[in-house]
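Peer 1: Below you'll find model-v6.json; it's JSON, C-alpha atoms.
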[["chain", "number", "residue", "atom", "x", "y", "z"],
["E", 1, "GLN", "CA", 10.77, 8.73, -21.31],
["E", 2, "VAL", "CA", 11.23, 5.30, -19.74],
["E", 3, "GLY", "CA", 12.69, 3.96, -23.01],
["E", 4, "ILE", "CA", 15.20, 6.84, -23.15],
["E", 5, "LEU", "CA", 16.07, 6.25, -19.50],
["E", 6, "ARG", "CA", 16.79, 2.57, -20.17],
["E", 7, "GLU", "CA", 19.27, 3.51, -22.90],
["E", 8, "LYS", "CA", 20.99, 6.02, -20.58],
["E", 9, "LEU", "CA", 21.32, 3.38, -17.87],
["E", 10, "LYS", "CA", 23.15, 1.05, -20.27],
["E", 11, "GLU", "CA", 25.96, 3.65, -20.42],
["E", 12, "LEU", "CA", 26.37, 3.87, -16.64],
["E", 13, "LYS", "CA", 29.55, 2.60, -15.03],
["E", 14, "ASN", "CA", 28.35, 3.28, -11.48],
["E", 15, "PRO", "CA", 24.62, 2.45, -11.08],
["E", 16, "GLU", "CA", 25.01, 2.30, -7.28],
["E", 17, "GLU", "CA", 25.73, 6.06, -7.31],
["E", 18, "THR", "CA", 22.65, 6.82, -9.40],
["E", 19, "LEU", "CA", 19.19, 8.07, -8.47],
["E", 20, "ILE", "CA", 16.05, 7.77, -10.60],
["E", 21, "LEU", "CA", 13.70, 10.40, -9.17],
["E", 22, "LEU", "CA", 10.01, 9.79, -9.86],
["E", 23, "ALA", "CA", 8.05, 13.01, -9.56],
["E", 24, "ASN", "CA", 4.95, 10.99, -10.46],
["E", 25, "PRO", "CA", 4.70, 7.50, -8.85],
["E", 26, "ASP", "CA", 2.29, 6.38, -11.62],
["E", 27, "ALA", "CA", 5.39, 5.75, -13.75],
["E", 28, "LEU", "CA", 6.78, 3.12, -11.37],
["E", 29, "VAL", "CA", 5.47, -0.05, -13.06],
["E", 30, "PRO", "CA", 6.54, 0.92, -16.61],
["E", 31, "LEU", "CA", 9.91, 1.91, -15.17],
["E", 32, "LEU", "CA", 10.42, -1.40, -13.35],
["E", 33, "SER", "CA", 9.38, -3.31, -16.46],
["E", 34, "GLU", "CA", 12.16, -1.63, -18.42],
["E", 35, "ILE", "CA", 15.05, -1.61, -15.92],
["E", 36, "SER", "CA", 14.55, -5.11, -14.49],
["E", 37, "SER", "CA", 16.09, -6.63, -17.65],
["E", 38, "LEU", "CA", 19.34, -4.67, -17.26],
["E", 39, "GLY", "CA", 20.71, -6.86, -14.48],
["E", 40, "PHE", "CA", 21.28, -4.01, -11.99],
["E", 41, "ASP", "CA", 20.57, -4.31, -8.30],
["E", 42, "PHE", "CA", 17.99, -1.64, -7.56],
["E", 43, "ASN", "CA", 16.07, -0.42, -4.55],
["E", 44, "VAL", "CA", 12.57, 1.07, -4.60],
["E", 45, "SER", "CA", 11.46, 3.34, -1.77],
["E", 46, "ILE", "CA", 8.30, 5.05, -2.94],
["E", 47, "GLY", "CA", 4.56, 5.01, -2.45],
["E", 48, "TYR", "CA", 2.55, 3.61, -5.37],
["E", 49, "PRO", "CA", -1.15, 4.48, -5.95],
["E", 50, "LEU", "CA", -3.22, 1.32, -5.58],
["E", 51, "LYS", "CA", -5.68, 2.54, -8.23],
["E", 52, "ARG", "CA", -2.93, 2.25, -10.86],
["E", 53, "SER", "CA", -2.58, -1.50, -10.33],
["E", 54, "SER", "CA", -3.94, -4.32, -12.49],
["E", 55, "VAL", "CA", -5.67, -5.80, -9.42],
["E", 56, "TYR", "CA", -7.70, -2.60, -9.05],
["E", 57, "SER", "CA", -8.71, -2.71, -12.72],
["E", 58, "LEU", "CA", -9.85, -6.33, -12.33],
["E", 59, "PHE", "CA", -12.24, -5.35, -9.53],
["E", 60, "GLN", "CA", -13.51, -2.46, -11.64],
["E", 61, "ASN", "CA", -14.29, -4.87, -14.50],
["E", 62, "ILE", "CA", -16.04, -7.31, -12.15],
["E", 63, "PHE", "CA", -18.15, -4.53, -10.63],
["E", 64, "SER", "CA", -19.15, -3.18, -14.05],
["E", 65, "ALA", "CA", -20.37, -6.63, -15.12],
["E", 66, "GLN", "CA", -22.57, -6.90, -12.04],
["E", 67, "LEU", "CA", -24.05, -3.43, -12.40],
["E", 68, "SER", "CA", -24.98, -3.97, -16.06],
["E", 69, "ARG", "CA", -26.44, -7.46, -15.45],
["E", 70, "LYS", "CA", -30.16, -8.02, -16.13],
["E", 71, "ASP", "CA", -31.64, -10.86, -14.09],
["E", 72, "ASN", "CA", -29.50, -13.90, -14.98],
["E", 73, "SER", "CA", -27.98, -12.38, -18.12],
["E", 74, "TYR", "CA", -24.75, -10.44, -18.48],
["E", 75, "TYR", "CA", -24.04, -7.62, -20.90],
["E", 76, "SER", "CA", -21.71, -9.44, -23.29],
["E", 77, "ARG", "CA", -19.23, -6.57, -23.59],
["E", 78, "ASP", "CA", -18.79, -6.31, -19.81],
["E", 79, "TYR", "CA", -18.68, -10.11, -19.55],
["E", 80, "LEU", "CA", -15.77, -10.26, -22.01],
["E", 81, "LYS", "CA", -13.98, -7.30, -20.43],
["E", 82, "ALA", "CA", -13.95, -9.01, -17.03],
["E", 83, "LEU", "CA", -13.07, -12.45, -18.37],
["E", 84, "SER", "CA", -10.30, -11.08, -20.63],
["E", 85, "HIS", "CA", -8.42, -9.40, -17.81],
["E", 86, "PRO", "CA", -4.81, -10.74, -17.90],
["E", 87, "PHE", "CA", -5.01, -12.19, -14.39],
["E", 88, "LEU", "CA", -8.20, -14.13, -15.10],
["E", 89, "LYS", "CA", -7.47, -15.36, -18.60],
["E", 90, "ASN", "CA", -4.06, -16.65, -17.48],
["E", 91, "LEU", "CA", -5.40, -18.36, -14.37],
["E", 92, "ASN", "CA", -3.81, -21.76, -13.85],
["E", 93, "ILE", "CA", -6.94, -23.94, -13.50],
["E", 94, "ILE", "CA", -6.03, -26.80, -15.84],
["E", 95, "SER", "CA", -3.16, -24.69, -17.15],
["E", 96, "ALA", "CA", -2.68, -21.04, -18.06],
["E", 97, "ASN", "CA", -2.65, -21.98, -21.76],
["E", 98, "VAL", "CA", -6.03, -23.70, -21.49],
["E", 99, "SER", "CA", -7.57, -20.71, -19.72],
["E", 100, "ARG", "CA", -6.15, -18.26, -22.23],
["E", 101, "VAL", "CA", -7.37, -20.22, -25.26],
["E", 102, "ALA", "CA", -10.82, -20.75, -23.69],
["E", 103, "VAL", "CA", -11.25, -17.01, -23.07],
["E", 104, "HIS", "CA", -10.07, -16.09, -26.56],
["E", 105, "LYS", "CA", -12.52, -18.55, -28.09],
["E", 106, "ALA", "CA", -15.33, -17.13, -25.95],
["E", 107, "GLU", "CA", -14.50, -13.70, -27.34],
["E", 108, "GLU", "CA", -14.51, -15.05, -30.90],
["E", 109, "ALA", "CA", -17.85, -16.77, -30.29],
["E", 110, "LEU", "CA", -19.58, -13.68, -28.91],
["E", 111, "THR", "CA", -18.16, -11.32, -31.54],
["E", 112, "GLY", "CA", -19.13, -13.65, -34.38],
["E", 113, "THR", "CA", -15.67, -14.72, -35.56],
["E", 114, "ILE", "CA", -16.87, -18.25, -34.78],
["E", 115, "GLU", "CA", -20.31, -18.88, -36.26],
["E", 116, "ASN", "CA", -22.76, -19.81, -33.49],
["E", 117, "GLU", "CA", -26.17, -18.94, -32.04],
["E", 118, "LEU", "CA", -24.76, -16.48, -29.46],
["E", 119, "ALA", "CA", -22.86, -14.34, -31.98],
["E", 120, "GLY", "CA", -23.89, -10.71, -31.67],
["E", 121, "GLU", "CA", -26.11, -11.28, -28.61],
["E", 122, "ILE", "CA", -26.19, -8.23, -26.34],
["E", 123, "PHE", "CA", -26.91, -10.24, -23.18],
["E", 124, "ILE", "CA", -25.82, -13.81, -22.47],
["E", 125, "ARG", "CA", -26.24, -16.32, -19.64],
["E", 126, "LEU", "CA", -23.21, -18.00, -18.07],
["E", 127, "ASP", "CA", -24.53, -21.49, -18.75],
["E", 128, "GLU", "CA", -25.02, -20.64, -22.43],
["E", 129, "ILE", "CA", -21.41, -19.69, -23.02],
["E", 130, "ALA", "CA", -19.95, -22.49, -20.86],
["E", 131, "GLY", "CA", -22.06, -25.11, -22.65],
["E", 132, "LEU", "CA", -21.57, -23.83, -26.19],
["E", 133, "HIS", "CA", -20.42, -26.94, -28.06],
["E", 134, "VAL", "CA", -18.79, -25.17, -31.00],
["E", 135, "LEU", "CA", -16.77, -22.99, -28.60],
["E", 136, "LEU", "CA", -15.44, -26.05, -26.76],
["E", 137, "GLU", "CA", -14.60, -27.73, -30.05],
["E", 138, "GLU", "CA", -12.71, -24.69, -31.33],
["E", 139, "ALA", "CA", -10.78, -24.39, -28.06],
["E", 140, "GLN", "CA", -9.96, -28.10, -28.12],
["E", 141, "ASP", "CA", -8.70, -27.89, -31.72],
["E", 142, "THR", "CA", -6.52, -24.87, -31.00],
["E", 143, "LEU", "CA", -4.99, -26.55, -27.96],
["E", 144, "LYS", "CA", -4.39, -29.71, -30.01],
["E", 145, "HIS", "CA", -2.26, -27.65, -32.42],
["E", 146, "MET", "CA", -0.29, -26.52, -29.36],
["E", 147, "ASP", "CA", 0.26, -30.19, -28.43],
["E", 148, "ILE", "CA", -2.07, -29.84, -25.46],
["E", 149, "LYS", "CA", -4.75, -32.51, -25.14],
["E", 150, "VAL", "CA", -7.72, -31.45, -23.08],
["E", 151, "SER", "CA", -11.21, -32.92, -22.71],
["E", 152, "PHE", "CA", -14.54, -31.11, -23.00],
["E", 153, "ASP", "CA", -15.01, -31.67, -19.26],
["E", 154, "ALA", "CA", -11.69, -29.94, -18.51],
["E", 155, "LEU", "CA", -12.64, -26.98, -20.70],
["E", 156, "ALA", "CA", -16.06, -26.79, -19.05],
["E", 157, "LYS", "CA", -14.33, -26.83, -15.64],
["E", 158, "THR", "CA", -12.15, -23.92, -16.75],
["E", 159, "PHE", "CA", -15.21, -21.85, -17.71],
["E", 160, "THR", "CA", -17.01, -22.82, -14.51],
["E", 161, "GLU", "CA", -14.16, -21.64, -12.28],
["E", 162, "LEU", "CA", -13.56, -18.44, -14.24],
["E", 163, "ASN", "CA", -17.28, -17.62, -14.19],
["E", 164, "GLU", "CA", -17.44, -18.42, -10.48],
["E", 165, "LEU", "CA", -14.71, -15.92, -9.58],
["E", 166, "ALA", "CA", -15.68, -13.14, -11.96],
["E", 167, "PHE", "CA", -19.46, -13.37, -11.73],
["E", 168, "VAL", "CA", -21.24, -16.03, -9.66],
["E", 169, "VAL", "CA", -19.77, -15.21, -6.22],
["E", 170, "TRP", "CA", -20.91, -11.59, -6.65],
["E", 171, "GLU", "CA", -24.49, -12.25, -7.75],
["E", 172, "ASP", "CA", -26.25, -12.59, -4.38],
["E", 173, "ILE", "CA", -24.19, -10.38, -2.08],
["E", 174, "GLY", "CA", -26.32, -8.15, 0.12],
["E", 175, "ASN", "CA", -23.93, -6.88, 2.81],
["E", 176, "PHE", "CA", -20.23, -6.26, 3.36],
["E", 177, "TYR", "CA", -19.70, -9.61, 5.07],
["E", 178, "GLU", "CA", -20.75, -11.36, 1.85],
["E", 179, "PHE", "CA", -18.87, -8.81, -0.24],
["E", 180, "CYS", "CA", -15.67, -9.53, 1.70],
["E", 181, "ALA", "CA", -16.06, -13.28, 1.19],
["E", 182, "ALA", "CA", -16.33, -12.76, -2.59],
["E", 183, "ALA", "CA", -13.41, -10.30, -2.76],
["E", 184, "GLU", "CA", -11.21, -12.56, -0.64],
["E", 185, "LYS", "CA", -11.98, -15.53, -2.88],
["E", 186, "VAL", "CA", -10.84, -13.56, -5.93],
["E", 187, "ILE", "CA", -7.61, -12.34, -4.30],
["E", 188, "MET", "CA", -6.70, -15.80, -2.98],
["E", 189, "ALA", "CA", -7.26, -17.32, -6.43],
["E", 190, "LEU", "CA", -4.94, -14.70, -7.92],
["E", 191, "LEU", "CA", -2.26, -15.39, -5.32],
["E", 192, "GLU", "CA", -2.47, -19.14, -5.83],
["E", 193, "LYS", "CA", -3.12, -19.51, -9.57],
["E", 194, "SER", "CA", -2.28, -16.34, -11.48],
["E", 195, "PRO", "CA", 1.01, -14.79, -12.74],
["E", 196, "LEU", "CA", 0.50, -12.01, -10.19],
["E", 197, "GLU", "CA", 3.57, -13.01, -8.13],
["E", 198, "LYS", "CA", 5.81, -12.01, -11.05],
["E", 199, "TYR", "CA", 4.98, -8.35, -10.46],
["E", 200, "ALA", "CA", 6.05, -7.05, -7.06],
["E", 201, "PRO", "CA", 3.71, -4.00, -7.10],
["E", 202, "ASN", "CA", 0.63, -6.16, -7.72],
["E", 203, "LEU", "CA", 1.70, -8.60, -5.01],
["E", 204, "LYS", "CA", 1.90, -5.78, -2.49],
["E", 205, "VAL", "CA", -1.41, -4.38, -3.74],
["E", 206, "SER", "CA", -3.10, -7.77, -3.21],
["E", 207, "HIS", "CA", -1.88, -8.02, 0.37],
["E", 208, "ARG", "CA", -3.05, -4.47, 1.05],
["E", 209, "ILE", "CA", -6.50, -5.28, -0.38],
["E", 210, "LEU", "CA", -6.69, -8.33, 1.91],
["E", 211, "GLU", "CA", -6.01, -6.01, 4.85],
["E", 212, "LEU", "CA", -8.80, -3.68, 3.71],
["E", 213, "ILE", "CA", -11.13, -6.67, 3.37],
["E", 214, "GLU", "CA", -10.41, -7.63, 6.98],
["E", 215, "GLU", "CA", -11.10, -4.06, 8.11],
["E", 216, "LEU", "CA", -14.49, -4.11, 6.36],
["E", 217, "ARG", "CA", -15.31, -7.57, 7.72],
["E", 218, "SER", "CA", -14.71, -6.38, 11.28],
["E", 219, "ALA", "CA", -16.73, -3.16, 10.85],
["E", 220, "THR", "CA", -19.89, -2.82, 12.92],
["E", 221, "PHE", "CA", -22.00, -2.35, 9.77],
["E", 222, "CYS", "CA", -20.66, -5.40, 7.92],
["E", 223, "ARG", "CA", -23.94, -7.38, 8.18],
["E", 224, "GLU", "CA", -26.23, -4.43, 7.47],
["E", 225, "LYS", "CA", -27.99, -4.48, 4.10],
["E", 226, "PHE", "CA", -26.39, -2.48, 1.28],
["E", 227, "SER", "CA", -27.07, -2.34, -2.43],
["E", 228, "LYS", "CA", -24.34, -3.62, -4.73],
["E", 229, "ASP", "CA", -23.88, -0.16, -6.16],
["E", 230, "GLU", "CA", -23.24, 1.25, -2.66],
["E", 231, "MET", "CA", -20.79, -1.51, -1.73],
["E", 232, "PHE", "CA", -18.87, -1.23, -4.98],
["E", 233, "ARG", "CA", -18.69, 2.55, -4.66],
["E", 234, "ILE", "CA", -17.51, 2.47, -1.03],
["E", 235, "PHE", "CA", -14.88, -0.17, -1.76],
["E", 236, "THR", "CA", -13.65, 1.64, -4.90],
["E", 237, "GLN", "CA", -13.38, 4.97, -3.08],
["E", 238, "ARG", "CA", -11.37, 3.29, -0.34],
["E", 239, "LEU", "CA", -8.99, 1.72, -2.86],
["E", 240, "GLU", "CA", -8.53, 5.02, -4.69],
["E", 241, "ARG", "CA", -7.18, 6.67, -1.52],
["E", 242, "GLU", "CA", -4.64, 3.93, -0.81],
["E", 243, "MET", "CA", -0.90, 4.09, -1.48],
["E", 244, "VAL", "CA", 1.22, 0.95, -1.37],
["E", 245, "SER", "CA", 4.62, 1.50, 0.23],
["E", 246, "PHE", "CA", 7.82, 0.03, -1.16],
["E", 247, "SER", "CA", 10.37, 0.15, 1.62],
["E", 248, "GLY", "CA", 14.08, -0.34, 1.11],
["E", 249, "SER", "CA", 17.54, 0.87, 1.96],
["E", 250, "PRO", "CA", 19.32, 3.64, 0.00],
["E", 251, "LEU", "CA", 22.65, 1.88, 0.63],
["E", 252, "LYS", "CA", 22.86, -0.57, -2.25],
["E", 253, "GLY", "CA", 22.23, -0.54, -5.97],
["E", 254, "LEU", "CA", 20.43, 1.87, -8.27],
["E", 255, "GLN", "CA", 17.92, 3.95, -6.31],
["E", 256, "VAL", "CA", 14.31, 4.59, -7.38],
["E", 257, "LEU", "CA", 12.87, 7.22, -5.06],
["E", 258, "GLY", "CA", 10.08, 9.76, -4.84],
["E", 259, "LEU", "CA", 10.47, 13.43, -4.00],
["E", 260, "LEU", "CA", 10.00, 12.98, -0.26],
["E", 261, "GLU", "CA", 12.40, 10.04, -0.02],
["E", 262, "THR", "CA", 15.35, 12.02, -1.46],
["E", 263, "ARG", "CA", 15.63, 14.61, 1.30],
["E", 264, "SER", "CA", 19.19, 14.97, 2.68],
["E", 265, "LEU", "CA", 20.54, 12.38, 0.20],
["E", 266, "THR", "CA", 23.31, 13.04, -2.32],
["E", 267, "PHE", "CA", 23.93, 11.16, -5.59],
["E", 268, "LYS", "CA", 26.55, 11.51, -8.30],
["E", 269, "ASN", "CA", 24.01, 10.85, -11.09],
["E", 270, "VAL", "CA", 20.39, 12.02, -10.96],
["E", 271, "ILE", "CA", 17.83, 11.15, -13.62]]
What does this structure look like when you write it as structure tokens?
Peer 2:
Amino acid sequence: QVGILREKLKELKNPEETLILLANPDALVPLLSEISSLGFDFNVSIGYPLKRSSVYSLFQNIFSAQLSRKDNSYYSRDYLKALSHPFLKNLNIISANVSRVAVHKAEEALTGTIENELAGEIFIRLDEIAGLHVLLEEAQDTLKHMDIKVSFDALAKTFTELNELAFVVWEDIGNFYEFCAAAEKVIMALLEKSPLEKYAPNLKVSHRILELIEELRSATFCREKFSKDEMFRIFTQRLEREMVSFSGSPLKGLQVLGLLETRSLTFKNVI
């Protein structure tokens, strides 16, 4: 539907007199991805479900890895799922390219594409994967073909920081004060080092999550003991109820509105 809509918009002579009405706000991000390349001015005034964002899915992956962890070992499938999230694997530590190659080589090592002693292991330790010599060599070689020279120490630093954000900071949390410190560290890293700022919905989502973190940190129960499962469930349920507002003015450009925002407004073209 979004693809058809994009083709219809190319025929428009008067986009400023046009409304795109979203009955379901879940379609907002695919829609923006398609129409942003057309060069129109457009205004978005609609609420977007936070649970549909990539930031929400990152937290879900992180939580899953913690809940399936056994002692100091991580379930390799959940480890890779968290590490391979687009925001983490493109994190600008040394550079986004270095992070991306490192994560891809970790996936190849654990799935057996690269022959090594961890191939096929169900559970792995963080120090095992970060110190796997053949993995670092493969990553270094791939980067060399991309005209990027990087040392083993730089690659090890990349793994250390990725592992810290996705796993280590969550290992010993026992109350919401500690939970908030870990969640804030992840969000701040995304704001500072990830491609998140390229996507307006995810930027707004991140700021809303920071507000929720502050609310939890100031709660009277924040230093009371909770299990990880309880904290993850409470936080997830809170995120699932949240809508992120996109405010704007229906006076300029192509309009993207929800059902409630269109009351008493008149447009020449309605899609």
Peer 1: At a cut-off of 10 Å, using only C-alpha atoms, what residues contact Ile114 of chain E? Leave out same-chain residues fewer than 4 positions from it and give the result as a list in words.
Peer 2: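 In the requested format, the answer is Lys105, Ala106, Glu107, Glu108, Ala109, Leu110, Leu118, Ala119, Val134, Leu135 and Glu138 of chain E.
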Peer 1: Report the distance between atom CA of Val44 of chain E and atom CA of Val256 of chain E in Å, rounded to one decimal place.
Peer 2: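 Distance reported for this atom pair: 4.8 Å.
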Peer 1: May I ask which of the residues E:Leu80, E:Asn202, E:Tyr75, E:Ala183 is the closest one to Glu121 of chain E, counting all atoms listed in the file?
Peer 2: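 Under the stated criterion, the closest residue is E:Tyr75.
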Peer 1: Of the candidates E:Ile94, E:Phe152, E:Lys13, E:Ile187, which shows the shortest atom-to-atom distance to Leu203 of chain E, using all atoms listed in the file?
Peer 2: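 Smallest distance to Leu203 of chain E is found for E:Ile187.
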Peer 1: Taking a cut-off of 12 Å and counting all atoms listed in the file, can you build a table that, for each residue of segment 208-247 of chain E near segment 157-173 of chain E, reports the nearest atom pair and how far apart they are in Å (one decimal), sorted by chain then residue number, as CSV?
Peer 2:
residue,atom,partner,partner_atom,distance
E:Cys222,CA,E:Ile173,CA,11.7
E:Arg223,CA,E:Ile173,CA,10.7
E:Glu224,CA,E:Ile173,CA,11.4
E:Lys225,CA,E:Ile173,CA,9.4
E:Phe226,CA,E:Ile173,CA,8.9
E:Ser227,CA,E:Ile173,CA,8.5
E:Lys228,CA,E:Ile173,CA,7.3
E:Asp229,CA,E:Ile173,CA,11.0
E:Glu230,CA,E:Ile173,CA,11.7
E:Met231,CA,E:Ile173,CA,9.5
E:Phe232,CA,E:Trp170,CA,10.7
